[in-house]
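Coordinates from final.cif are shown below (mmCIF, C-alpha atoms).
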data_work
loop_
_atom_site.label_atom_id
_atom_site.label_comp_id
_atom_site.auth_asym_id
_atom_site.auth_seq_id
_atom_site.Cartn_x
_atom_site.Cartn_y
_atom_site.Cartn_z
CA MET K 175 -75.07 -172.35 -98.53
CA SER K 176 -78.17 -173.30 -100.51
CA ASN K 177 -80.96 -170.82 -100.12
CA LYS K 178 -84.06 -171.60 -102.23
CA SER K 179 -86.08 -168.46 -102.64
CA SER K 180 -89.71 -168.83 -103.69
CA ILE K 181 -89.47 -165.66 -105.76
CA SER K 182 -87.41 -166.18 -108.85
CA ILE K 183 -84.69 -163.54 -108.79
CA PRO K 184 -81.44 -164.34 -110.57
CA ALA K 185 -78.54 -164.92 -108.20
CA SER K 186 -76.80 -161.68 -109.19
CA GLY K 187 -80.03 -159.75 -108.55
CA ARG K 188 -80.46 -161.37 -105.14
CA GLU K 189 -76.89 -160.49 -104.31
CA ARG K 190 -77.53 -156.88 -105.32
CA LEU K 191 -80.64 -156.75 -103.14
CA ARG K 192 -78.76 -158.20 -100.20
CA ARG K 193 -75.99 -155.68 -100.62
CA ARG K 194 -78.46 -152.85 -100.87
CA GLY K 195 -80.07 -154.11 -97.65
CA ASP K 196 -76.69 -154.22 -95.92
CA ALA K 197 -75.88 -150.68 -97.02
CA ARG K 198 -79.24 -149.48 -95.75
CA ARG K 199 -78.69 -151.27 -92.46
CA LEU K 200 -75.34 -149.53 -92.10
CA GLU K 201 -76.91 -146.14 -92.80
CA ILE K 202 -79.48 -146.83 -90.10
CA LEU K 203 -76.80 -147.84 -87.60
CA ARG K 204 -74.91 -144.62 -88.30
CA ALA K 205 -78.06 -142.55 -87.86
CA ALA K 206 -78.83 -144.43 -84.64
CA GLY K 207 -75.27 -143.78 -83.42
CA ARG K 208 -75.82 -140.04 -83.91
CA ILE K 209 -79.14 -140.11 -82.08
CA PHE K 210 -77.73 -142.18 -79.22
CA ARG K 211 -74.90 -139.70 -78.85
CA GLN K 212 -77.20 -136.68 -78.95
CA ARG K 213 -79.93 -137.87 -76.58
CA GLY K 214 -78.47 -140.83 -74.76
CA TYR K 215 -79.64 -144.35 -75.45
CA SER K 216 -82.51 -144.37 -72.97
CA GLN K 217 -83.99 -141.15 -74.33
CA ALA K 218 -83.72 -142.12 -78.01
CA GLY K 219 -86.88 -143.43 -79.69
CA MET K 220 -87.31 -145.61 -82.78
CA ARG K 221 -89.14 -142.68 -84.33
CA ASP K 222 -86.08 -140.40 -83.87
CA ILE K 223 -83.85 -143.04 -85.40
CA ALA K 224 -86.21 -143.48 -88.36
CA ALA K 225 -86.29 -139.71 -88.91
CA ALA K 226 -82.50 -139.45 -88.73
CA ALA K 227 -82.15 -142.32 -91.19
CA ASP K 228 -84.77 -140.72 -93.42
CA ILE K 229 -87.08 -143.75 -93.55
CA SER K 230 -90.52 -144.51 -92.16
CA SER K 231 -90.88 -146.14 -88.74
CA GLY K 232 -92.50 -149.13 -90.42
CA ASN K 233 -89.56 -149.53 -92.75
CA LEU K 234 -87.16 -149.24 -89.79
CA TYR K 235 -88.85 -152.23 -88.13
CA HIS K 236 -88.28 -154.15 -91.34
CA TYR K 237 -84.53 -153.88 -90.72
CA PHE K 238 -84.40 -154.05 -86.92
CA ARG K 239 -86.87 -155.55 -84.50
CA GLY K 240 -86.36 -152.76 -81.97
CA LYS K 241 -83.98 -150.35 -80.29
CA HIS K 242 -82.27 -153.21 -78.46
CA GLU K 243 -81.36 -154.87 -81.73
CA ILE K 244 -79.96 -151.61 -83.12
CA LEU K 245 -77.91 -151.15 -79.97
CA TYR K 246 -76.65 -154.70 -80.28
CA PHE K 247 -75.48 -154.22 -83.87
CA CYS K 248 -73.86 -150.86 -82.99
CA GLN K 249 -71.84 -152.50 -80.23
CA ASP K 250 -71.08 -155.56 -82.32
CA ARG K 251 -69.67 -153.43 -85.16
CA THR K 252 -67.65 -151.30 -82.77
CA LEU K 253 -66.09 -154.36 -81.16
CA ASP K 254 -65.36 -155.93 -84.55
CA THR K 255 -63.49 -152.78 -85.57
CA MET K 256 -61.48 -152.84 -82.35
CA LEU K 257 -60.65 -156.53 -82.64
CA GLN K 258 -59.56 -155.92 -86.21
CA ALA K 259 -57.23 -153.11 -85.10
CA LEU K 260 -55.78 -155.44 -82.48
CA ALA K 261 -55.26 -158.23 -85.00
CA SER K 262 -53.79 -156.01 -87.71
CA THR K 263 -50.95 -154.76 -85.48
CA ARG K 264 -49.79 -158.28 -84.70
CA GLY K 265 -46.61 -159.01 -86.56
CA ASN K 266 -46.40 -155.54 -88.10
CA GLY K 267 -42.84 -155.34 -86.81
CA GLY K 268 -43.37 -152.55 -84.28
CA SER K 269 -42.43 -152.77 -80.61
CA ALA K 270 -45.17 -153.81 -78.20
CA LEU K 271 -45.37 -150.21 -77.00
CA GLU K 272 -45.86 -148.91 -80.55
CA ARG K 273 -48.48 -151.55 -81.25
CA LEU K 274 -50.37 -150.76 -78.05
CA ARG K 275 -50.37 -147.07 -78.91
CA GLU K 276 -51.67 -147.89 -82.38
CA VAL K 277 -54.50 -150.10 -81.13
CA LEU K 278 -55.61 -147.61 -78.48
CA THR K 279 -55.49 -144.71 -80.94
CA ALA K 280 -57.78 -146.72 -83.19
CA HIS K 281 -60.00 -147.31 -80.15
CA VAL K 282 -60.46 -143.57 -79.59
CA HIS K 283 -61.21 -142.95 -83.25
CA THR K 284 -63.66 -145.84 -83.34
CA ILE K 285 -65.77 -144.53 -80.48
CA LEU K 286 -65.49 -140.80 -81.23
CA ASP K 287 -65.59 -140.74 -84.99
CA ASP K 288 -68.27 -138.36 -86.22
CA VAL K 289 -69.78 -140.80 -88.65
CA GLU K 290 -69.21 -144.20 -87.14
CA GLY K 291 -68.71 -143.59 -83.46
CA THR K 292 -71.36 -144.23 -80.89
CA ALA K 293 -71.66 -143.48 -77.21
CA ALA K 294 -73.93 -146.52 -77.12
CA HIS K 295 -70.77 -148.59 -76.94
CA LEU K 296 -70.98 -148.44 -73.16
CA GLU K 297 -74.65 -149.26 -72.73
CA VAL K 298 -74.12 -152.99 -72.38
CA ASP K 299 -76.53 -153.27 -69.45
CA ALA K 300 -79.34 -151.98 -71.63
CA LEU K 301 -79.19 -155.12 -73.80
CA PRO K 302 -81.51 -158.06 -73.16
CA ALA K 303 -79.67 -160.94 -71.47
CA ASP K 304 -79.15 -163.14 -74.55
CA LEU K 305 -77.66 -160.35 -76.69
CA ARG K 306 -75.65 -159.07 -73.75
CA VAL K 307 -73.84 -162.39 -73.36
CA THR K 308 -72.55 -162.27 -76.95
CA ILE K 309 -71.31 -158.70 -76.60
CA ILE K 310 -69.68 -159.32 -73.23
CA ARG K 311 -67.86 -162.34 -74.66
CA LYS K 312 -66.52 -160.28 -77.55
CA ARG K 313 -65.59 -157.41 -75.25
CA ASP K 314 -63.73 -159.84 -72.98
CA ARG K 315 -61.82 -161.14 -75.99
CA TYR K 316 -60.76 -157.61 -76.87
CA GLU K 317 -59.80 -156.80 -73.29
CA SER K 318 -57.70 -159.93 -72.89
CA GLY K 319 -55.91 -159.13 -76.16
CA LEU K 320 -55.07 -155.69 -74.80
CA ARG K 321 -53.96 -157.20 -71.49
CA ARG K 322 -51.55 -159.50 -73.29
CA LEU K 323 -50.17 -156.56 -75.22
CA VAL K 324 -49.71 -154.54 -72.00
CA GLY K 325 -47.91 -157.57 -70.53
CA GLU K 326 -45.63 -157.68 -73.59
CA VAL K 327 -44.78 -153.99 -73.15
CA ILE K 328 -43.93 -154.58 -69.50
CA SER K 329 -41.52 -157.42 -70.30
CA GLU K 330 -40.11 -155.89 -73.51
CA GLU K 331 -39.39 -152.56 -71.84
CA ARG K 332 -38.23 -154.28 -68.62
CA LEU K 333 -40.64 -152.20 -66.58
CA PRO K 334 -41.14 -152.71 -62.84
CA ARG K 335 -43.64 -155.44 -62.03
CA ARG K 336 -47.24 -154.27 -62.06
CA ASP K 337 -50.70 -155.72 -62.58
CA PRO K 338 -51.58 -155.63 -66.33
CA ARG K 339 -55.27 -156.17 -65.50
CA ILE K 340 -55.57 -152.97 -63.51
CA ILE K 341 -53.50 -150.97 -66.02
CA THR K 342 -55.50 -152.28 -68.99
CA ARG K 343 -58.74 -151.36 -67.29
CA ALA K 344 -57.44 -147.94 -66.31
CA MET K 345 -56.59 -147.36 -69.98
CA LEU K 346 -59.97 -148.59 -71.16
CA GLY K 347 -61.68 -146.39 -68.60
CA ALA K 348 -59.76 -143.30 -69.69
CA LEU K 349 -60.59 -144.02 -73.35
CA ASN K 350 -64.21 -145.06 -73.00
CA TRP K 351 -64.95 -142.10 -70.75
CA THR K 352 -64.34 -139.81 -73.74
CA VAL K 353 -67.81 -140.58 -75.10
CA ARG K 354 -69.18 -138.85 -72.01
CA TRP K 355 -67.38 -135.57 -72.48
CA TYR K 356 -66.08 -135.27 -76.03
CA ARG K 357 -68.03 -132.82 -78.19
CA PRO K 358 -67.18 -132.51 -81.91
CA GLN K 359 -67.93 -128.76 -81.65
CA GLY K 360 -65.43 -128.43 -78.77
CA PRO K 361 -61.88 -127.04 -78.95
CA ALA K 362 -59.98 -130.29 -79.54
CA SER K 363 -60.11 -132.61 -82.55
CA VAL K 364 -60.39 -136.38 -82.07
CA LYS K 365 -56.81 -136.62 -83.31
CA THR K 366 -55.57 -134.21 -80.63
CA VAL K 367 -57.55 -135.94 -77.90
CA ALA K 368 -56.22 -139.33 -79.00
CA ARG K 369 -52.63 -138.07 -79.06
CA ASP K 370 -52.84 -136.41 -75.63
CA LEU K 371 -54.46 -139.50 -74.16
CA MET K 372 -51.78 -141.73 -75.65
CA ASP K 373 -48.95 -139.55 -74.29
CA PHE K 374 -50.59 -139.72 -70.89
CA LEU K 375 -51.37 -143.45 -70.87
CA MET K 376 -48.07 -144.60 -72.36
CA GLY K 377 -46.30 -142.29 -69.91
CA GLY K 378 -48.17 -143.96 -67.05
CA LEU K 379 -47.33 -147.43 -68.31
CA THR K 380 -43.61 -146.76 -68.79
CA ALA K 381 -43.14 -144.59 -65.68
CA PRO K 382 -40.36 -145.85 -63.41
CA GLY K 383 -42.84 -146.43 -60.56
CA ASN K 384 -42.30 -147.10 -56.86
CA ASP K 385 -40.13 -150.22 -57.10
CA GLY K 386 -40.70 -151.37 -53.54
CA ALA K 387 -44.43 -150.73 -53.41
CA ALA K 388 -45.22 -152.82 -56.50
CA GLY K 389 -44.20 -156.01 -54.75
CA PRO K 390 -46.28 -158.66 -53.00
CA ALA K 391 -49.12 -156.25 -52.16
CA ASP K 392 -50.55 -157.11 -55.58
CA SER K 393 -52.79 -159.67 -53.94
CA LYS K 394 -55.22 -159.03 -51.16
CA GLY K 395 -53.55 -159.02 -47.81
CA GLY K 396 -55.06 -160.29 -44.58
CA ARG K 397 -56.46 -156.86 -43.85
CA ARG K 398 -58.59 -154.86 -46.24
CA MET B 28 -86.39 -121.24 -38.01
CA SER B 29 -89.78 -121.28 -36.29
CA ASN B 30 -91.65 -124.48 -36.94
CA LYS B 31 -94.96 -124.74 -35.09
CA SER B 32 -95.92 -128.38 -34.91
CA SER B 33 -99.54 -129.20 -34.14
CA ILE B 34 -98.43 -132.19 -32.10
CA SER B 35 -96.76 -131.08 -28.93
CA ILE B 36 -93.35 -132.75 -28.87
CA PRO B 37 -90.61 -131.06 -26.87
CA ALA B 38 -87.82 -129.58 -29.03
CA SER B 39 -85.29 -132.20 -27.90
CA GLY B 40 -87.74 -134.97 -28.82
CA ARG B 41 -88.32 -133.49 -32.28
CA GLU B 42 -84.60 -133.27 -32.79
CA ARG B 43 -84.25 -136.94 -31.79
CA LEU B 44 -86.98 -137.91 -34.26
CA ARG B 45 -85.32 -135.93 -37.04
CA ARG B 46 -82.00 -137.56 -36.34
CA ARG B 47 -83.58 -141.01 -36.29
CA GLY B 48 -85.13 -140.20 -39.69
CA ASP B 49 -81.78 -139.10 -41.08
CA ALA B 50 -80.10 -142.28 -39.84
CA ARG B 51 -82.85 -144.38 -41.42
CA ARG B 52 -82.49 -142.46 -44.67
CA LEU B 53 -78.76 -143.17 -44.65
CA GLU B 54 -79.38 -146.88 -44.06
CA ILE B 55 -81.74 -146.91 -47.02
CA LEU B 56 -79.21 -145.15 -49.25
CA ARG B 57 -76.57 -147.71 -48.31
CA ALA B 58 -78.94 -150.59 -49.03
CA ALA B 59 -79.87 -148.97 -52.35
CA GLY B 60 -76.17 -148.58 -53.19
CA ARG B 61 -75.68 -152.33 -52.69
CA ILE B 62 -78.68 -153.18 -54.84
CA PHE B 63 -77.64 -150.75 -57.60
CA ARG B 64 -74.19 -152.33 -57.63
CA GLN B 65 -75.55 -155.88 -57.71
CA ARG B 66 -78.24 -155.48 -60.35
CA GLY B 67 -77.49 -152.20 -62.06
CA TYR B 68 -79.67 -149.16 -61.56
CA SER B 69 -82.17 -149.92 -64.31
CA GLN B 70 -82.81 -153.45 -63.05
CA ALA B 71 -83.20 -152.50 -59.38
CA GLY B 72 -86.75 -152.16 -58.07
CA MET B 73 -88.09 -150.22 -55.07
CA ARG B 74 -89.17 -153.58 -53.68
CA ASP B 75 -85.57 -154.87 -53.78
CA ILE B 76 -84.34 -151.74 -52.06
CA ALA B 77 -87.01 -152.01 -49.38
CA ALA B 78 -86.11 -155.67 -48.77
CA ALA B 79 -82.38 -154.84 -48.56
CA ALA B 80 -83.12 -152.00 -46.12
CA ASP B 81 -85.40 -154.32 -44.14
CA ILE B 82 -88.46 -152.08 -44.30
CA SER B 83 -91.82 -152.30 -46.06
CA SER B 84 -92.28 -150.79 -49.52
CA GLY B 85 -94.85 -148.41 -48.06
CA ASN B 86 -92.39 -147.22 -45.45
CA LEU B 87 -89.72 -146.78 -48.13
CA TYR B 88 -92.00 -144.37 -50.02
CA HIS B 89 -92.34 -142.42 -46.79
CA TYR B 90 -88.62 -141.60 -47.03
CA PHE B 91 -88.15 -141.35 -50.80
CA ARG B 92 -90.68 -140.58 -53.49
CA GLY B 93 -89.15 -143.08 -55.91
CA LYS B 94 -86.03 -144.71 -57.28
CA HIS B 95 -85.01 -141.45 -58.98
CA GLU B 96 -84.93 -139.65 -55.67
CA ILE B 97 -82.83 -142.39 -54.10
CA LEU B 98 -80.42 -142.21 -57.01
CA TYR B 99 -80.25 -138.45 -56.63
CA PHE B 100 -79.36 -138.63 -52.94
CA CYS B 101 -76.78 -141.37 -53.59
CA GLN B 102 -75.02 -139.20 -56.16
CA ASP B 103 -75.37 -136.08 -54.05
CA ARG B 104 -73.73 -137.76 -51.05
CA THR B 105 -70.95 -139.21 -53.20
CA LEU B 106 -70.16 -135.81 -54.69
CA ASP B 107 -70.25 -134.15 -51.26
CA THR B 108 -67.68 -136.66 -50.02
CA MET B 109 -65.46 -135.99 -53.02
CA LEU B 110 -65.73 -132.22 -52.70
CA GLN B 111 -64.88 -132.56 -49.01
CA ALA B 112 -61.76 -134.58 -49.85
CA LEU B 113 -60.76 -131.90 -52.34
CA ALA B 114 -61.30 -129.10 -49.82
CA SER B 115 -59.55 -130.86 -46.95
CA THR B 116 -56.27 -131.25 -48.85
CA ARG B 117 -56.06 -127.53 -49.56
CA GLY B 118 -53.44 -125.97 -47.39
CA ASN B 119 -52.43 -129.27 -45.79
CA GLY B 120 -48.84 -128.43 -46.72
CA GLY B 121 -48.29 -131.22 -49.25
CA SER B 122 -47.06 -130.68 -52.79
CA ALA B 123 -49.74 -130.40 -55.49
CA LEU B 124 -48.80 -133.91 -56.65
CA GLU B 125 -49.26 -135.35 -53.15
CA ARG B 126 -52.57 -133.57 -52.76
CA LEU B 127 -53.82 -134.81 -56.13
CA ARG B 128 -52.88 -138.35 -55.22
CA GLU B 129 -54.70 -137.98 -51.92
CA VAL B 130 -57.90 -136.63 -53.47
CA LEU B 131 -57.98 -139.29 -56.19
CA THR B 132 -57.30 -142.08 -53.69
CA ALA B 133 -60.28 -140.82 -51.71
CA HIS B 134 -62.26 -140.84 -54.97
CA VAL B 135 -61.59 -144.55 -55.52
CA HIS B 136 -62.50 -145.41 -51.93
CA THR B 137 -65.67 -143.32 -52.13
CA ILE B 138 -67.02 -145.13 -55.17
CA LEU B 139 -65.77 -148.65 -54.35
CA ASP B 140 -66.23 -148.77 -50.61
CA ASP B 141 -68.23 -151.83 -49.58
CA VAL B 142 -70.60 -149.95 -47.35
CA GLU B 143 -70.89 -146.52 -48.86
CA GLY B 144 -69.87 -146.92 -52.47
CA THR B 145 -72.31 -147.03 -55.30
CA ALA B 146 -72.00 -147.78 -58.98
CA ALA B 147 -75.01 -145.52 -59.37
CA HIS B 148 -72.57 -142.63 -59.25
CA LEU B 149 -72.33 -142.78 -63.04
CA GLU B 150 -76.03 -143.01 -63.86
CA VAL B 151 -76.55 -139.29 -64.19
CA ASP B 152 -78.61 -139.66 -67.37
CA ALA B 153 -81.17 -141.72 -65.45
CA LEU B 154 -82.13 -138.70 -63.34
CA PRO B 155 -85.10 -136.51 -64.25
CA ALA B 156 -83.99 -133.20 -65.80
CA ASP B 157 -84.43 -131.00 -62.71
CA LEU B 158 -82.44 -133.27 -60.40
CA ARG B 159 -79.85 -133.90 -63.10
CA VAL B 160 -79.01 -130.19 -63.35
CA THR B 161 -78.12 -129.99 -59.65
CA ILE B 162 -75.90 -133.07 -59.82
CA ILE B 163 -74.17 -131.95 -63.00
CA ARG B 164 -73.44 -128.56 -61.47
CA LYS B 165 -71.88 -130.20 -58.41
CA ARG B 166 -69.94 -132.65 -60.57
CA ASP B 167 -68.60 -129.77 -62.67
CA ARG B 168 -67.47 -128.03 -59.50
CA TYR B 169 -65.56 -131.14 -58.46
CA GLU B 170 -64.04 -131.58 -61.91
CA SER B 171 -62.88 -127.98 -62.14
CA GLY B 172 -61.28 -128.29 -58.69
CA LEU B 173 -59.37 -131.34 -59.91
CA ARG B 174 -58.39 -129.54 -63.11
CA ARG B 175 -56.92 -126.68 -61.12
CA LEU B 176 -54.97 -129.15 -59.01
CA VAL B 177 -53.64 -130.90 -62.14
CA GLY B 178 -52.63 -127.47 -63.45
CA GLU B 179 -50.80 -126.77 -60.18
CA VAL B 180 -48.91 -130.07 -60.48
CA ILE B 181 -47.87 -129.20 -64.04
CA SER B 182 -46.47 -125.81 -63.02
CA GLU B 183 -45.03 -126.93 -59.66
CA GLU B 184 -43.21 -129.90 -61.21
CA ARG B 185 -42.27 -127.88 -64.30
CA LEU B 186 -43.78 -130.52 -66.55
CA PRO B 187 -44.01 -130.09 -70.32
CA ARG B 188 -47.07 -128.16 -71.41
CA ARG B 189 -50.19 -130.31 -71.74
CA ASP B 190 -53.94 -129.92 -71.60
CA PRO B 191 -55.15 -130.29 -67.98
CA ARG B 192 -58.72 -130.80 -69.19
CA ILE B 193 -57.91 -133.94 -71.15
CA ILE B 194 -55.64 -135.31 -68.42
CA THR B 195 -58.20 -134.66 -65.69
CA ARG B 196 -60.87 -136.43 -67.69
CA ALA B 197 -58.56 -139.32 -68.48
CA MET B 198 -57.97 -139.70 -64.74
CA LEU B 199 -61.66 -139.48 -63.93
CA GLY B 200 -62.41 -142.06 -66.63
CA ALA B 201 -59.82 -144.48 -65.29
CA LEU B 202 -61.18 -144.08 -61.74
CA ASN B 203 -64.89 -144.09 -62.47
CA TRP B 204 -64.54 -147.10 -64.73
CA THR B 205 -63.63 -149.18 -61.67
CA VAL B 206 -67.28 -149.43 -60.69
CA ARG B 207 -67.79 -151.44 -63.85
CA TRP B 208 -65.19 -154.07 -63.16
CA TYR B 209 -64.25 -154.05 -59.50
CA ARG B 210 -65.61 -156.98 -57.50
CA PRO B 211 -65.10 -157.08 -53.72
CA GLN B 212 -64.74 -160.89 -53.99
CA GLY B 213 -61.97 -160.47 -56.60
CA PRO B 214 -58.21 -160.81 -56.03
CA ALA B 215 -57.39 -157.15 -55.29
CA SER B 216 -58.48 -155.00 -52.35
CA VAL B 217 -59.76 -151.46 -52.92
CA LYS B 218 -56.53 -150.24 -51.33
CA THR B 219 -54.39 -152.17 -53.83
CA VAL B 220 -56.49 -151.04 -56.79
CA ALA B 221 -56.30 -147.43 -55.61
CA ARG B 222 -52.51 -147.62 -55.16
CA ASP B 223 -51.90 -149.23 -58.56
CA LEU B 224 -54.17 -146.70 -60.25
CA MET B 225 -52.39 -143.81 -58.53
CA ASP B 226 -48.94 -145.09 -59.54
CA PHE B 227 -50.19 -145.36 -63.11
CA LEU B 228 -51.97 -142.00 -63.26
CA MET B 229 -49.33 -139.98 -61.45
CA GLY B 230 -46.73 -141.67 -63.67
CA GLY B 231 -48.67 -140.55 -66.74
CA LEU B 232 -48.99 -137.01 -65.46
CA THR B 233 -45.30 -136.61 -64.59
CA ALA B 234 -43.93 -138.52 -67.59
CA PRO B 235 -41.35 -136.52 -69.57
CA GLY B 236 -43.62 -136.55 -72.65
CA ASN B 237 -42.91 -135.72 -76.29
CA ASP B 238 -41.70 -132.15 -75.89
CA GLY B 239 -42.21 -131.16 -79.50
CA ALA B 240 -45.57 -132.80 -80.00
CA ALA B 241 -47.24 -131.08 -77.05
CA GLY B 242 -47.00 -127.68 -78.70
CA PRO B 243 -49.55 -125.68 -80.70
CA ALA B 244 -51.46 -128.78 -81.84
CA ASP B 245 -53.43 -128.44 -78.59
CA SER B 246 -56.13 -126.60 -80.47
CA LYS B 247 -58.00 -127.86 -83.49
CA GLY B 248 -56.03 -127.36 -86.66
CA GLY B 249 -57.41 -126.57 -90.08
CA ARG B 250 -57.66 -130.27 -90.88
CA ARG B 251 -59.36 -132.79 -88.65
#
This structure in C-alpha cells:
Amino acid sequence: MSNKSSISIPASGRERLRRRGDARRLEILRAAGRIFRQRGYSQAGMRDIAAAADISSGNLYHYFRGKHEILYFCQDRTLDTMLQALASTRGNGGSALERLREVLTAHVHTILDDVEGTAAHLEVDALPADLRVTIIRKRDRYESGLRRLVGEVISEERLPRRDPRIITRAMLGALNWTVRWYRPQGPASVKTVARDLMDFLMGGLTAPGNDGAAGPADSKGGRR
Amino acid sequence: MSNKSSISIPASGRERLRRRGDARRLEILRAAGRIFRQRGYSQAGMRDIAAAADISSGNLYHYFRGKHEILYFCQDRTLDTMLQALASTRGNGGSALERLREVLTAHVHTILDDVEGTAAHLEVDALPADLRVTIIRKRDRYESGLRRLVGEVISEERLPRRDPRIITRAMLGALNWTVRWYRPQGPASVKTVARDLMDFLMGGLTAPGNDGAAGPADSKGGRR
C-alpha cells in the first residue's frame, strides 16, 4: 500500500516506529486486561489503565480513543488466538476428540493466562453497537468451528445422537465461567484447572447417555 | 410486631393492602426480568420497566428506589428459589446423583423460565457494594450446597478422585451460560435444553476418567 507521509522518515525508520507503536499498544492491552480482571470492566477507569501501563492518560488516548476501544481490541485479540488454535489443530493427524481437547485447553489458557488473559472477554454487551457486531461475528465463527468439531467427535466415536449446539455451548459456558472464579493466588494452577475441566467435558461428551431419551425430543414438542 | 398506623385501617384491611403491594412488586420484578433479558441490564431503563409493568414511572419509584434495587430483588428471588430446590431434595430418598440432577434441572428452569427467569441473575457486579455482599453470600451458600452434593455423588458412586470445586463450577458455568444464548423462540424448549445439559453434565461427572492423572496434581505443583 502506498502511504505518503508528510514527514520524511526513511521507510525502515517508519517501520521501526510502527513496530514500537504496536508493542506499546500490546503492553497497554495487557495492562488493561489486568485492570479489567481486578476491578471488573465497568469499574475500571482510563486513569487506572494508564497507571498500570505506566504512561500518562494523555498518552493513553493517543493509542486508544477510550475504554470501549481497549475492550474491543482485548476481545479481538482473544478471539484471534482462539481461532488460530482451532485452525492449527486441523489436519494435525489427531482424532477429533484429541483435537477438541487441544483447542479447548488453549481456550482456558487464553482467557486465564496471567499475562494475556482477560475477563473482559465476556463483556460483549459493553461494546458500542458497531464494534459489537464485528466481535459477535468473529465469536460466531469460533463457535461454529467448535460445533463442527464436536459433531466430528460424535460421528467418529459413534456416540449416541445428541445436539452438538447445546453441548458446544455447555462447554463454552463451563470454560468461560472460569474468568468469574479463577484466582491466580488460589490453590489450582491454570494447567490443573484446564486438565480437570477437559476430563469432565470430554467425559460428558463421550458418556454412553440415555439412548432412548436422546431421540426425537431434540426439537420442541407440541407442549412446552 | 406492634405497628401503630396513624390512619385507622382494620388489621385485615392492612394485611390486604400489604399483600396487594407484594403482588404488585412481583409483577414489576417479572416485567423487569423480561426487559433485562430483552435489552440487557445496562441498556434497560426504569421507563422501560414501568411501561412493561404497565404503571407510571412515578409509581414504579414508589415500589423500588432504582434499577439497582430491582436487580437486587430479582437476584434475591432467583437464589431463594434455587436454595429451596436444594433443600427440598434433601432426604427425598433419591441417590445423590438423582438429587443433583433434580436441583440442576430446577436451576435451568429458574433462570430460563419465560415468566420468572431473568438473565439479570449474572449481573452481580452491577449491584452497589452493600447489596452485592448479601447476594454473594447467598450465592456462596448455594454453591457450597451443590459442592457437597457433588462430593456425595463422587463417594456414593465410588468415582475416581476429582476436585468437586472445579466440577461444581464447570456445571454452574454450563447452566448459567444458557441465559446468554437461549431464546424462547428458538428450536429447543427449556425442558429439552435442561435434559440435554443434564445428560452431558451427569455423564461428565460419572465418566470413568483418567485414573492416574487425577492424583496429586490436584494442587499447584512447583512449576506452573
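Near chain B, within 6 Å and counting only C-alpha atoms, the residues of chain K are Ala344, Gly347, Ala348, Trp351, Pro361, Ala362, Ser363, Phe374, Leu375, Gly377, Gly378, Ala381, Ser393 and Lys394 of chain K.
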> What does the PyMOL selection byres ((chain K and resi 251) around 12) select in this file, as a PyMOL selection string?
Replying inline: chain K and resi 199-200+203-204+207+244-250+252-258+284-285+290-292+294-295+309+312-313
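Of note, atom CA of Ala80 of chain B and atom CA of Glu54 of chain B are spaced 6.7 Å apart.
Interatomic distance, atom CA of Glu150 of chain B to atom CA of Phe210 of chain K: 15.5 Å.
Between atom CA of Arg273 of chain K and atom CA of Gly325 of chain K the interatomic distance comes to 12.3 Å.
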>> Distance cut-off 10 Å, centre (-42.7, -153.4, -79.0) in file coordinates, counting only C-alpha atoms: which residues qualify? Return them as a PyMOL selection string.
In response: chain K and resi 267-275+323-324+326-331
> Evaluating the PyMOL selection byres ((chain K and resi 222) around 12) on the displayed file yields which residues, as a count of residues only?
Replying inline: 27
>> Show me, as a PyMOL selection string, the residues that have an atom within 8 Å of segment 112-118 of chain B when counting all atoms listed in the file, minus same-chain residues fewer than 6 positions from it.
In response: chain B and resi 126+129-130+133+169+172-173
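The residue that comes closest to Asp49 of chain B, out of B:Tyr90, B:Val151, B:Ala156, B:Arg64 and on the basis of all atoms listed in the file, is B:Tyr90.
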